[in-house]
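Printed here is input17.txt (compact mmCIF, C-alpha atoms and all ligand atoms):
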# COMPACT_ATOMS: atom_id res chain seq x y z
CA HIS A 179 -58.68 14.66 89.17
CA LYS A 180 -56.47 15.61 86.26
CA ARG A 181 -58.34 16.56 83.12
CA PRO A 182 -57.24 14.60 80.04
CA LYS A 183 -55.56 16.66 77.36
CA ILE A 184 -56.89 16.22 73.84
CA VAL A 185 -54.81 17.80 71.09
CA ILE A 186 -56.16 18.09 67.54
CA LEU A 187 -53.62 18.84 64.80
CA GLY A 188 -54.96 20.61 61.70
CA ALA A 189 -58.19 22.56 61.26
CA GLY A 190 -59.29 21.06 57.95
CA TYR A 191 -62.45 19.06 57.38
CA GLY A 192 -61.44 16.31 59.77
CA GLY A 193 -59.93 18.52 62.49
CA MET A 194 -62.65 21.17 62.55
CA MET A 195 -65.45 18.62 62.65
CA THR A 196 -63.71 16.65 65.41
CA ALA A 197 -63.24 19.85 67.38
CA THR A 198 -66.88 20.90 67.11
CA ARG A 199 -68.07 17.37 67.98
CA LEU A 200 -65.86 17.27 71.07
CA GLN A 201 -66.83 20.82 72.02
CA LYS A 202 -70.48 19.73 72.17
CA ALA A 203 -69.61 16.73 74.32
CA ASN A 204 -67.41 18.73 76.66
CA ALA A 205 -70.07 20.95 78.19
CA HIS A 206 -68.69 20.31 81.68
CA HIS A 207 -65.08 20.89 80.73
CA ASP A 208 -64.13 17.31 81.59
CA ALA A 209 -61.30 17.47 79.08
CA GLU A 210 -58.84 20.13 78.02
CA ILE A 211 -59.11 20.43 74.24
CA THR A 212 -56.52 22.19 72.08
CA LEU A 213 -56.72 22.75 68.33
CA VAL A 214 -53.55 23.64 66.44
CA ASN A 215 -53.52 25.06 62.93
CA LYS A 216 -51.03 26.93 60.75
CA HIS A 217 -53.48 29.74 60.08
CA ASN A 218 -56.15 31.46 62.13
CA TYR A 219 -58.69 30.48 59.47
CA HIS A 220 -60.25 27.27 58.20
CA TYR A 221 -60.51 26.86 54.43
CA GLN A 222 -62.45 24.46 52.32
CA THR A 223 -59.87 22.55 50.32
CA THR A 224 -62.53 21.18 47.95
CA TRP A 225 -63.28 24.70 46.67
CA LEU A 226 -59.69 25.74 46.04
CA HIS A 227 -59.74 25.24 42.25
CA GLU A 228 -62.08 28.23 42.06
CA PRO A 229 -59.90 30.90 43.74
CA ALA A 230 -56.91 29.34 41.93
CA ALA A 231 -58.49 30.20 38.58
CA GLY A 232 -59.89 33.46 39.92
CA THR A 233 -63.56 32.57 39.51
CA LEU A 234 -64.26 32.97 43.23
CA HIS A 235 -62.52 35.13 45.81
CA HIS A 236 -60.49 33.11 48.31
CA ASP A 237 -62.28 34.77 51.23
CA ARG A 238 -65.40 32.89 50.17
CA THR A 239 -63.62 29.60 50.88
CA ARG A 240 -62.35 30.47 54.33
CA MET A 241 -63.57 31.52 57.75
CA ARG A 242 -61.91 32.52 60.98
CA ILE A 243 -61.56 29.51 63.25
CA ASP A 244 -62.80 31.46 66.27
CA SER A 245 -65.98 32.27 64.38
CA VAL A 246 -66.84 28.57 64.32
CA ILE A 247 -65.41 27.10 67.51
CA ASP A 248 -65.97 28.48 70.99
CA THR A 249 -62.51 29.50 72.17
CA LYS A 250 -63.71 29.42 75.77
CA LYS A 251 -64.22 25.68 75.38
CA ILE A 252 -61.40 24.89 72.98
CA HIS A 253 -57.97 26.38 73.23
CA PHE A 254 -56.85 27.44 69.75
CA ILE A 255 -53.16 27.76 68.91
CA LYS A 256 -52.07 29.29 65.61
CA ASP A 257 -48.78 27.55 64.89
CA ALA A 258 -47.23 25.00 62.55
CA VAL A 259 -46.62 21.43 63.70
CA SER A 260 -43.07 20.28 63.02
CA GLU A 261 -43.00 16.84 64.59
CA ILE A 262 -44.80 14.45 66.91
CA LYS A 263 -42.65 12.82 69.60
CA THR A 264 -44.73 9.76 70.36
CA ASP A 265 -42.38 8.39 73.02
CA GLU A 266 -42.79 11.58 75.06
CA GLN A 267 -46.46 12.21 74.11
CA LYS A 268 -45.48 15.62 72.85
CA VAL A 269 -46.09 17.72 69.76
CA ILE A 270 -43.30 20.01 68.64
CA LEU A 271 -44.56 23.25 67.14
CA GLU A 272 -42.50 25.88 65.39
CA GLY A 273 -43.07 28.15 68.38
CA GLY A 274 -43.29 25.75 71.33
CA GLU A 275 -44.47 22.32 72.37
CA LEU A 276 -47.60 20.62 73.68
CA GLU A 277 -48.28 17.53 75.75
CA TYR A 278 -51.19 15.26 74.96
CA ASP A 279 -53.08 12.34 76.42
CA TYR A 280 -55.08 11.89 73.22
CA LEU A 281 -53.93 13.06 69.83
CA VAL A 282 -55.86 13.55 66.60
CA ILE A 283 -53.79 13.97 63.44
CA GLY A 284 -55.70 15.80 60.70
CA LEU A 285 -52.93 17.63 58.88
CA GLY A 286 -54.15 16.92 55.37
CA SER A 287 -52.02 16.23 52.33
CA GLU A 288 -49.21 17.43 50.13
CA PRO A 289 -48.77 17.17 46.37
CA GLU A 290 -47.42 13.85 45.11
CA THR A 291 -44.56 14.61 42.72
CA PHE A 292 -43.51 10.98 42.08
CA GLY A 293 -39.98 12.31 42.22
CA ILE A 294 -40.38 13.93 38.79
CA PRO A 295 -37.62 16.52 38.46
CA GLY A 296 -38.56 20.17 38.55
CA VAL A 297 -42.06 19.79 39.98
CA GLU A 298 -41.22 21.32 43.32
CA GLU A 299 -39.18 24.14 41.82
CA HIS A 300 -41.28 25.10 38.82
CA ALA A 301 -44.88 23.94 39.24
CA PHE A 302 -47.74 25.39 41.27
CA ALA A 303 -49.96 23.26 43.50
CA ILE A 304 -53.60 23.74 44.47
CA ARG A 305 -53.09 23.24 48.12
CA SER A 306 -53.93 26.15 50.40
CA VAL A 307 -55.22 29.70 50.35
CA ASN A 308 -51.63 30.90 50.05
CA SER A 309 -50.89 28.68 47.09
CA VAL A 310 -54.07 29.43 45.13
CA ARG A 311 -53.78 33.16 45.66
CA HIS A 312 -50.34 32.88 44.13
CA ILE A 313 -51.64 30.90 41.12
CA ARG A 314 -54.40 33.44 40.46
CA GLU A 315 -52.02 36.39 40.64
CA HIS A 316 -49.46 34.60 38.47
CA ILE A 317 -52.05 33.89 35.75
CA GLU A 318 -53.21 37.50 35.75
CA TYR A 319 -49.65 38.72 35.65
CA LYS A 320 -48.94 36.59 32.59
CA PHE A 321 -51.96 38.07 30.80
CA ALA A 322 -50.88 41.55 31.83
CA SER A 323 -47.29 40.93 30.69
CA TYR A 324 -48.18 39.70 27.24
CA ASN A 325 -49.13 42.95 25.56
CA SER A 326 -46.70 45.04 27.56
CA GLN A 327 -43.68 43.47 25.86
CA GLU A 328 -42.19 44.44 22.50
CA GLU A 329 -41.57 40.82 21.68
CA LYS A 330 -44.58 38.64 22.49
CA HIS A 331 -43.98 35.41 24.37
CA ASP A 332 -46.57 32.80 23.52
CA GLU A 333 -45.62 30.76 26.57
CA ASP A 334 -47.07 33.54 28.73
CA LEU A 335 -50.46 32.45 27.48
CA THR A 336 -49.86 28.69 27.70
CA PHE A 337 -51.20 26.91 30.76
CA ILE A 338 -50.39 23.30 31.53
CA VAL A 339 -52.37 21.37 34.07
CA ALA A 340 -50.56 18.17 34.92
CA GLY A 341 -52.98 15.42 35.94
CA ALA A 342 -56.55 15.00 34.70
CA GLY A 343 -57.92 13.53 37.91
CA PHE A 344 -60.66 15.30 39.85
CA THR A 345 -58.62 18.28 40.97
CA GLY A 346 -57.02 18.80 37.55
CA ILE A 347 -60.33 18.59 35.71
CA GLU A 348 -62.08 20.88 38.18
CA PHE A 349 -59.30 23.45 37.82
CA VAL A 350 -59.27 23.22 34.01
CA GLY A 351 -63.05 23.73 34.11
CA GLU A 352 -62.68 26.96 36.09
CA LEU A 353 -59.73 28.16 34.04
CA SER A 354 -61.60 27.62 30.77
CA LYS A 355 -64.37 29.85 32.12
CA ARG A 356 -61.93 32.46 33.39
CA VAL A 357 -59.76 32.74 30.26
CA PRO A 358 -62.36 34.52 28.07
CA GLU A 359 -62.79 37.11 30.84
CA LEU A 360 -59.05 37.63 31.07
CA CYS A 361 -58.79 37.90 27.27
CA GLU A 362 -61.42 40.62 27.36
CA GLU A 363 -59.74 42.44 30.21
CA TYR A 364 -56.23 42.35 28.72
CA ASP A 365 -57.13 42.71 25.01
CA ILE A 366 -55.92 39.30 23.96
CA ASP A 367 -57.34 36.98 21.28
CA ARG A 368 -58.82 33.83 22.79
CA ASP A 369 -56.97 31.82 20.11
CA LYS A 370 -53.65 32.92 21.54
CA VAL A 371 -54.35 31.15 24.83
CA LYS A 372 -53.60 27.44 25.20
CA ILE A 373 -54.83 25.26 28.03
CA TYR A 374 -53.40 21.74 28.12
CA SER A 375 -54.69 18.99 30.37
CA VAL A 376 -51.90 16.42 30.45
CA GLU A 377 -52.56 12.94 31.83
CA ALA A 378 -50.26 9.90 32.03
CA ALA A 379 -53.09 7.36 32.34
CA PRO A 380 -55.02 6.12 29.26
CA THR A 381 -58.02 8.30 30.18
CA ALA A 382 -58.99 11.49 31.95
CA LEU A 383 -60.68 10.94 35.34
CA PRO A 384 -59.37 7.36 35.61
CA GLY A 385 -61.84 5.05 37.28
CA PHE A 386 -64.85 7.27 36.65
CA ASP A 387 -67.89 6.39 34.53
CA ASP A 388 -67.04 6.50 30.77
CA GLU A 389 -70.12 8.43 29.72
CA LEU A 390 -69.47 11.11 32.32
CA VAL A 391 -65.81 11.31 31.35
CA ASN A 392 -66.81 11.82 27.69
CA TYR A 393 -69.29 14.49 28.65
CA ALA A 394 -66.62 16.34 30.64
CA MET A 395 -63.98 16.07 27.93
CA ASN A 396 -66.34 17.21 25.16
CA LEU A 397 -67.50 20.16 27.20
CA LEU A 398 -63.98 21.24 28.10
CA GLU A 399 -62.79 20.77 24.51
CA SER A 400 -65.63 23.00 23.36
CA ARG A 401 -64.12 25.67 25.62
CA GLY A 402 -60.73 25.21 23.97
CA VAL A 403 -59.01 22.80 26.36
CA GLU A 404 -56.56 20.44 24.67
CA PHE A 405 -56.20 17.01 26.23
CA LEU A 406 -52.92 15.12 26.05
CA ILE A 407 -53.92 11.71 27.38
CA ASN A 408 -51.52 8.79 27.79
CA THR A 409 -48.81 11.40 27.96
CA PRO A 410 -46.51 11.16 30.98
CA ILE A 411 -44.45 14.20 31.90
CA LYS A 412 -40.74 13.54 32.31
CA GLU A 413 -39.61 16.85 33.71
CA VAL A 414 -40.90 20.29 34.58
CA LYS A 415 -38.59 23.09 33.53
CA GLU A 416 -38.54 26.76 34.21
CA ASP A 417 -40.05 27.40 30.79
CA GLY A 418 -42.40 24.43 30.37
CA VAL A 419 -42.54 20.65 30.43
CA LEU A 420 -40.63 17.86 28.77
CA LEU A 421 -42.81 14.88 27.90
CA ASN A 422 -41.74 11.23 27.99
CA ASN A 423 -42.11 11.14 24.21
CA GLY A 424 -39.36 13.73 23.90
CA GLU A 425 -41.61 16.66 22.99
CA GLU A 426 -41.43 19.93 24.87
CA ILE A 427 -44.24 22.35 25.54
CA LYS A 428 -43.23 25.88 26.42
CA ALA A 429 -45.37 27.36 29.16
CA SER A 430 -44.93 29.94 31.90
CA THR A 431 -47.53 28.23 34.06
CA VAL A 432 -47.60 24.59 35.11
CA VAL A 433 -50.10 23.53 37.76
CA TRP A 434 -49.42 20.13 39.30
CA THR A 435 -52.46 18.03 40.26
CA THR A 436 -51.40 14.41 40.00
CA GLY A 437 -52.59 13.29 43.40
CA VAL A 438 -51.55 13.68 46.99
CA ARG A 439 -49.56 12.07 49.78
CA GLY A 440 -49.93 12.48 53.52
CA ASN A 441 -48.46 15.47 55.36
CA ALA A 442 -44.66 15.28 55.72
CA VAL A 443 -45.01 15.49 59.52
CA ILE A 444 -46.20 11.84 59.48
CA GLU A 445 -42.97 10.42 58.07
CA LYS A 446 -40.81 12.88 59.97
CA SER A 447 -42.37 11.64 63.21
CA GLY A 448 -41.39 8.05 62.44
CA PHE A 449 -44.82 6.57 61.76
CA GLU A 450 -44.95 3.69 59.35
CA ALA A 451 -46.54 5.15 56.26
CA MET A 452 -47.51 4.47 52.67
CA ARG A 453 -47.14 7.63 50.57
CA GLY A 454 -47.12 9.57 53.82
CA ARG A 455 -50.39 8.10 55.05
CA ILE A 456 -50.84 5.90 58.12
CA LYS A 457 -52.81 2.71 57.54
CA VAL A 458 -55.12 3.05 60.51
CA GLU A 459 -56.90 0.39 62.53
CA LYS A 460 -60.66 0.03 62.15
CA ASP A 461 -61.17 2.38 65.11
CA LEU A 462 -58.97 4.98 63.33
CA ARG A 463 -56.04 4.63 65.72
CA ALA A 464 -52.47 4.46 64.44
CA PRO A 465 -51.19 0.87 64.74
CA GLY A 466 -49.39 0.39 68.04
CA PHE A 467 -50.76 3.56 69.65
CA ASP A 468 -53.86 3.44 71.82
CA ASN A 469 -54.18 7.22 72.11
CA ILE A 470 -53.38 8.50 68.59
CA PHE A 471 -56.14 8.87 66.00
CA VAL A 472 -55.48 9.69 62.36
CA ILE A 473 -58.16 11.11 60.08
CA GLY A 474 -58.60 12.60 56.63
CA ASP A 475 -55.83 12.62 54.03
CA CYS A 476 -53.22 11.48 56.60
CA ALA A 477 -55.13 8.21 57.11
CA LEU A 478 -55.14 5.26 54.76
CA ILE A 479 -58.13 2.96 54.78
CA ILE A 480 -58.71 -0.01 52.54
CA ASN A 481 -61.79 -0.64 50.44
CA GLU A 482 -62.10 -4.35 51.12
CA GLU A 483 -64.34 -4.96 48.11
CA ILE A 484 -61.48 -4.19 45.74
CA ASN A 485 -58.63 -4.48 48.23
CA ARG A 486 -57.32 -1.03 47.38
CA PRO A 487 -57.09 2.18 49.39
CA TYR A 488 -60.03 4.56 49.25
CA PRO A 489 -59.05 7.78 47.51
CA PRO A 490 -58.74 10.45 50.21
CA THR A 491 -61.75 12.76 50.20
CA ALA A 492 -63.39 15.42 52.33
CA GLN A 493 -66.41 13.16 52.46
CA ILE A 494 -64.39 10.49 54.27
CA ALA A 495 -62.57 13.03 56.49
CA ILE A 496 -65.92 14.40 57.69
CA GLN A 497 -67.34 10.95 58.37
CA GLN A 498 -64.19 9.93 60.25
CA SER A 499 -64.53 12.91 62.57
CA TYR A 500 -67.71 11.37 64.01
CA THR A 501 -66.08 8.00 64.72
CA CYS A 502 -62.93 9.66 66.04
CA SER A 503 -64.73 11.99 68.45
CA ASN A 504 -67.01 9.16 69.66
CA ASN A 505 -63.98 6.96 70.28
CA ILE A 506 -62.14 9.63 72.25
CA LYS A 507 -65.24 10.17 74.38
CA ALA A 508 -65.48 6.39 74.93
CA LEU A 509 -61.83 6.12 75.97
CA ILE A 510 -62.17 9.00 78.43
CA ALA A 511 -65.31 7.36 79.84
CA GLY A 512 -63.23 4.22 80.42
CA LYS A 513 -65.00 2.12 77.80
CA GLU A 514 -63.04 -0.54 76.00
CA LYS A 515 -65.21 -1.13 73.01
CA LEU A 516 -64.60 1.43 70.28
CA GLU A 517 -66.59 2.21 67.15
CA GLU A 518 -65.33 0.90 63.85
CA PHE A 519 -65.24 3.19 60.86
CA THR A 520 -66.93 2.25 57.60
CA PRO A 521 -67.15 4.90 54.91
CA ASP A 522 -70.56 5.54 53.44
CA ILE A 523 -69.75 6.87 49.99
CA LYS A 524 -72.71 8.94 48.92
CA GLY A 525 -71.36 9.87 45.52
CA THR A 526 -68.91 12.02 43.66
CA VAL A 527 -69.54 15.26 41.86
CA ALA A 528 -66.89 17.17 39.92
CA SER A 529 -67.51 20.75 38.86
CA LEU A 530 -66.55 21.81 35.35
CA GLY A 531 -66.82 25.56 35.77
CA GLY A 532 -69.84 27.82 35.51
CA LYS A 533 -73.04 25.88 36.03
CA GLU A 534 -71.57 22.67 34.64
CA ALA A 535 -70.61 19.50 36.49
CA ILE A 536 -70.73 15.73 36.33
CA GLY A 537 -71.60 13.37 39.12
CA LEU A 538 -72.43 9.88 40.18
CA VAL A 539 -74.77 9.70 43.15
CA GLY A 540 -75.54 6.10 44.01
CA SER A 541 -76.02 4.69 40.51
CA THR A 542 -77.55 7.89 39.14
CA LYS A 543 -75.52 9.87 36.65
CA LEU A 544 -75.86 13.62 36.79
CA TYR A 545 -74.84 16.11 34.12
CA GLY A 546 -74.81 19.85 33.65
CA HIS A 547 -76.97 22.06 35.85
CA SER A 548 -78.41 19.29 38.01
CA ALA A 549 -74.91 18.05 38.83
CA SER A 550 -73.78 21.60 39.52
CA ALA A 551 -76.72 22.18 41.87
CA MET A 552 -75.91 18.89 43.62
CA LYS A 553 -72.32 20.06 44.11
CA LYS A 554 -73.60 23.17 45.88
CA VAL A 555 -75.88 21.06 48.06
CA ILE A 556 -72.84 18.99 49.09
CA ASP A 557 -70.78 22.10 49.87
CA ASN A 558 -73.62 23.67 51.85
CA ARG A 559 -74.30 20.44 53.73
CA TYR A 560 -70.77 20.50 55.10
CA LEU A 561 -71.20 24.08 56.30
CA PHE A 562 -74.45 23.01 57.93
CA LEU A 563 -72.76 20.14 59.78
CA LEU A 564 -69.98 22.46 60.89
CA GLY A 565 -71.83 25.58 61.93
CA GLY A 566 -75.56 25.11 61.32
CA MET A 567 -77.78 27.37 59.22
CA PRO A 568 -76.00 30.62 60.18
CA LEU A 569 -72.78 29.37 58.59
CA VAL A 570 -74.64 28.20 55.46
CA LEU A 571 -76.14 31.65 55.06
CA LYS A 572 -72.82 33.36 55.65
CA LYS A 573 -70.50 31.18 53.58
CA GLY A 574 -72.73 28.89 51.54
CA LYS A 575 -73.21 28.66 47.78
CA LEU A 576 -76.72 29.94 47.40
CA ASN A 577 -76.68 30.92 43.72
CA PHE A 578 -78.36 27.82 42.35
CA PHE A 579 -79.75 29.33 39.17
P1 LIG B 1 -57.54 19.49 54.97
O1 LIG B 1 -58.97 19.82 54.86
O2 LIG B 1 -56.71 19.69 53.75
O3 LIG B 1 -56.93 20.34 56.17
C1 LIG B 1 -55.63 20.22 56.66
C2 LIG B 1 -55.38 21.39 57.60
O4 LIG B 1 -54.12 21.22 58.26
C3 LIG B 1 -55.30 22.75 56.90
O5 LIG B 1 -56.11 23.67 57.58
C4 LIG B 1 -53.83 23.12 56.96
O6 LIG B 1 -53.64 24.52 57.03
C5 LIG B 1 -53.41 22.45 58.25
N1 LIG B 1 -51.98 22.12 58.29
C6 LIG B 1 -51.24 21.49 57.35
N2 LIG B 1 -49.98 21.32 57.77
C7 LIG B 1 -49.90 21.85 59.00
C8 LIG B 1 -48.86 21.96 59.97
N3 LIG B 1 -47.65 21.48 59.74
N4 LIG B 1 -49.14 22.57 61.15
C9 LIG B 1 -50.39 23.06 61.40
N5 LIG B 1 -51.41 22.97 60.52
C10 LIG B 1 -51.18 22.38 59.35
N6 LIG B 1 -63.01 15.74 48.34
C11 LIG B 1 -64.33 15.43 48.28
O7 LIG B 1 -64.83 14.66 49.11
N7 LIG B 1 -65.12 15.96 47.31
C12 LIG B 1 -64.66 16.85 46.40
O8 LIG B 1 -65.41 17.32 45.54
C13 LIG B 1 -63.29 17.23 46.45
N8 LIG B 1 -62.80 18.15 45.61
C14 LIG B 1 -61.51 18.58 45.75
C15 LIG B 1 -61.07 19.62 44.94
C16 LIG B 1 -59.77 20.11 45.06
C17 LIG B 1 -59.33 21.27 44.21
C18 LIG B 1 -58.90 19.51 46.03
C19 LIG B 1 -57.48 20.03 46.18
C20 LIG B 1 -59.34 18.47 46.82
C21 LIG B 1 -60.65 17.99 46.71
N9 LIG B 1 -61.13 16.96 47.53
C22 LIG B 1 -62.47 16.61 47.45
C23 LIG B 1 -60.27 16.29 48.52
C24 LIG B 1 -60.43 16.96 49.89
O9 LIG B 1 -60.22 18.34 49.77
C25 LIG B 1 -59.47 16.37 50.92
O10 LIG B 1 -59.63 14.99 50.94
C26 LIG B 1 -59.79 16.95 52.32
O11 LIG B 1 -59.51 18.32 52.33
C27 LIG B 1 -59.02 16.24 53.42
O12 LIG B 1 -59.38 16.79 54.65
P2 LIG B 1 -58.36 16.84 55.86
O13 LIG B 1 -59.14 17.24 57.05
O14 LIG B 1 -57.54 15.61 55.93
O15 LIG B 1 -57.31 17.98 55.46
Would you mind giving the structure from this file in structure tokens?
Amino acid sequence: HKRPKIVILGAGYGGMMTATRLQKANAHHDAEITLVNKHNYHYQTTWLHEPAAGTLHHDRTRMRIDSVIDTKKIHFIKDAVSEIKTDEQKVILEGGELEYDYLVIGLGSEPETFGIPGVEEHAFAIRSVNSVRHIREHIEYKFASYNSQEEKHDEDLTFIVAGAGFTGIEFVGELSKRVPELCEEYDIDRDKVKIYSVEAAPTALPGFDDELVNYAMNLLESRGVEFLINTPIKEVKEDGVLLNNGEEIKASTVVWTTGVRGNAVIEKSGFEAMRGRIKVEKDLRAPGFDNIFVIGDCALIINEEINRPYPPTAQIAIQQSYTCSNNIKALIAGKEKLEEFTPDIKGTVASLGGKEAIGLVGSTKLYGHSASAMKKVIDNRYLFLLGGMPLVLKKGKLNFF
């Protein structure tokens, strides 16, 4: 009989975990499994603020895909997905095409620009190994440029982080730890360097516990971060930002972290989407398709308690991979009843650089070192789920103290 073809798009949290789950279940090669990813490595998106600021090397956040999956059991293709042709059950890649019987879409997200002019042209995004390597090098270059010019340009030492949500705050935390090191290295006064965290909403970390938000803001302010809250950005220019209130801030570096939308492939392929994300059925299938599953940042699921979408997280992407792989196994086994997905939100921890963090785990608030240790436990737990203890030892964060 013909073996069903399962194609997994994207080797992020959702895609990698789905692949390893299906690999385990496919001991007898009942299905032909293919994983497609732009790069030959898997990176941990949730760590990217660190290599972006230069506090951790990017190689610590990534691993070769063939070091985690068994390429005798899963066919790995390094290529970029351009489009999904659902009517032909085909995926168009930059360098070819693939047929599928079952498809898993786990292509992650893209920065949400809200159509604000200049963001795409002039701002950096914390998005991939490529993008964060670029940010780190750019920051260093600006420090190196400063003293090498006759006429000093203060904007070389001005850093604007647009958005004080989780990603923005985590990046500002790392940057505020990195700046003193850079000042030392490039003979620059710390006072010359400006770090702005600019947020349109009335608070940093909107929706998070007030006490924890205050803790984070006080800590970051003590490291010289200036918050501009309630301050929407109107435009990003080559030499800085223009605020809604008419003021301009000159800066050679603007990092955009105001949230994400689903991968552009979703809309290009004609799926009905909200900010690029497909509102999936309870079993994680795309509405109207009985063989297409969508997981991670490409999927939209509603928190029924508040009737609003869950913010997309790695935590949810990982949990969805279990439901998704179980449901594909069930379909192949001819079962009709599929599992329904319910997220089990264990908590949220945001790092603030160094050994500082804030977190809410259940109803327990965590600050400082205990929150930072918890963050490492979360990061290591993922590595454990993906590749067991050997992967934790190889790539984990083991410096707890
Ligand atoms: P990703 O893990 O982003 O993976 C997508 C994959 O698809 C990538 O490997 C990419 O290379 C590949 N890809 C993209 N486009 C194509 C294409 N066209 N063709 C082929 N391959 C492609 N979440 C938490 O739960 N906790 C946190 O503490 C947390 N912190 C974060 C900190 C930062 C700095 C950021 C940026 C995010 C953070 N998040 C956190 C959110 C979390 O990273 C995402 O929700 C999660 O990565 C989504 O997983 P995913 O599998 O959908 O996509």
For ligand LIG 1 (chain B), list the contacting residues at 7 Å or closer, counting only C-alpha atoms and all ligand atoms, as a PyMOL selection string.
chain A and resi 187-193+214-217+220-227+257-260+284-287+304-306+344-345+348-349+441+443+473-476+490-495+526-528
Exercise: stretch 418-422 of chain A partners within 8 Å, all atoms listed in the file, chain neighbours under 6 positions left out, as a PDB file with C-alpha atoms, keeping the file's coordinate frame:
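The resulting result-v4.pdb:
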ATOM      1  CA  THR A 409     -48.810  11.400  27.960  1.00  0.00           C
ATOM      2  CA  PRO A 410     -46.510  11.160  30.980  1.00  0.00           C
ATOM      3  CA  ILE A 411     -44.450  14.200  31.900  1.00  0.00           C
ATOM      4  CA  LYS A 412     -40.740  13.540  32.310  1.00  0.00           C
ATOM      5  CA  LYS A 428     -43.230  25.880  26.420  1.00  0.00           C
ATOM      6  CA  ALA A 429     -45.370  27.360  29.160  1.00  0.00           C
ATOM      7  CA  SER A 430     -44.930  29.940  31.900  1.00  0.00           C
ATOM      8  CA  THR A 431     -47.530  28.230  34.060  1.00  0.00           C
ATOM      9  CA  VAL A 432     -47.600  24.590  35.110  1.00  0.00           C
TER      10      VAL A 432
END
Could you produce a table of the residues of stretch 306-365 of chain A lying within 10 Å of stretch 232-240 of chain A, with the nearest pair of atoms per residue and their separation in Å rounded to one decimal, using all atoms listed in the file, ordered by chain and increasing residue number, as a tab-separated table?
residue	atom	partner	partner_atom	distance
A:Ser306	CA	A:His236	CA	9.8
A:Val307	CA	A:His236	CA	6.6
A:Asn308	CA	A:His236	CA	9.3
A:Val310	CA	A:His236	CA	8.1
A:Arg311	CA	A:His236	CA	7.2
A:Ile313	CA	A:Gly232	CA	8.7
A:Arg314	CA	A:Gly232	CA	5.5
A:Glu315	CA	A:Gly232	CA	8.4
A:Ile317	CA	A:Gly232	CA	8.9
A:Glu318	CA	A:Gly232	CA	8.9
A:Glu352	CA	A:Thr233	CA	6.6
A:Leu353	CA	A:Gly232	CA	7.9
A:Lys355	CA	A:Thr233	CA	7.9
A:Arg356	CA	A:Thr233	CA	6.3
A:Val357	CA	A:Gly232	CA	9.7
A:Glu359	CA	A:Thr233	CA	9.8
A:Leu360	CA	A:Gly232	CA	9.8
Report, in Å with one decimal, the straight-line distance from atom CA of A:Ile427 to atom CA of A:Ile338.
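Distance between the two atoms: 8.6 Å.
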Could you state the separation of atom CA of A:Phe337 and atom CA of A:Met552 in Å, given to one decimal place?
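These two atoms are separated by 29.0 Å.
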For A:Val458, please output as an MDAnalysis selection string all residues within 12 Å (counting all atoms listed in the file; exclusion window: fewer than 3 positions along the same chain).
chainID A and resid 283 449:452 455 461:468 470:480 487 498 502 518:519
Tell me which of A:Ala231, A:Tyr374, A:Gly293, A:Glu277 sits closest to A:Asp265, counting all atoms listed in the file.
A:Glu277
Residue among A:Gly512, A:Gly346, A:Pro380, A:Gly402 lying closest to A:Val433, counting only C-alpha atoms:
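Ranking A:Gly512, A:Gly346, A:Pro380, A:Gly402 by distance to A:Val433, first place goes to A:Gly346.
Nearest to A:Lys180 of all the residues A:His207, A:Met194, A:Ala382, A:Ala535 is A:His207, counting all atoms listed in the file.
Separating atom CA of A:Ala340 from atom CA of A:Ile456 is a distance of 26.2 Å.
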Once you count only C-alpha atoms, which residues end up no further than 9 Å from (-70.3, 8.0, 49.3) in the file's frame, shown as a PyMOL selection string?
chain A and resi 493-494+521-526+539-540
Considering all atoms listed in the file, can you say which of A:Leu516, A:Ile496, A:Val376, A:Ile211 comes closest to A:Ile556?
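Checking each of A:Leu516, A:Ile496, A:Val376, A:Ile211 against A:Ile556, counting all atoms listed in the file, the winner is A:Ile496.
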So that all listed atoms of stretch 560-571 of chain A fit with 3 Å spare on each side, what axis-aligned box centre and edge lengths in Å, to one decimal, would you give as lines of an AutoDock Vina configuration file?
center_x = -73.9
center_y = 25.9
center_z = 58.5
size_x = 13.8
size_y = 17.5
size_z = 12.9
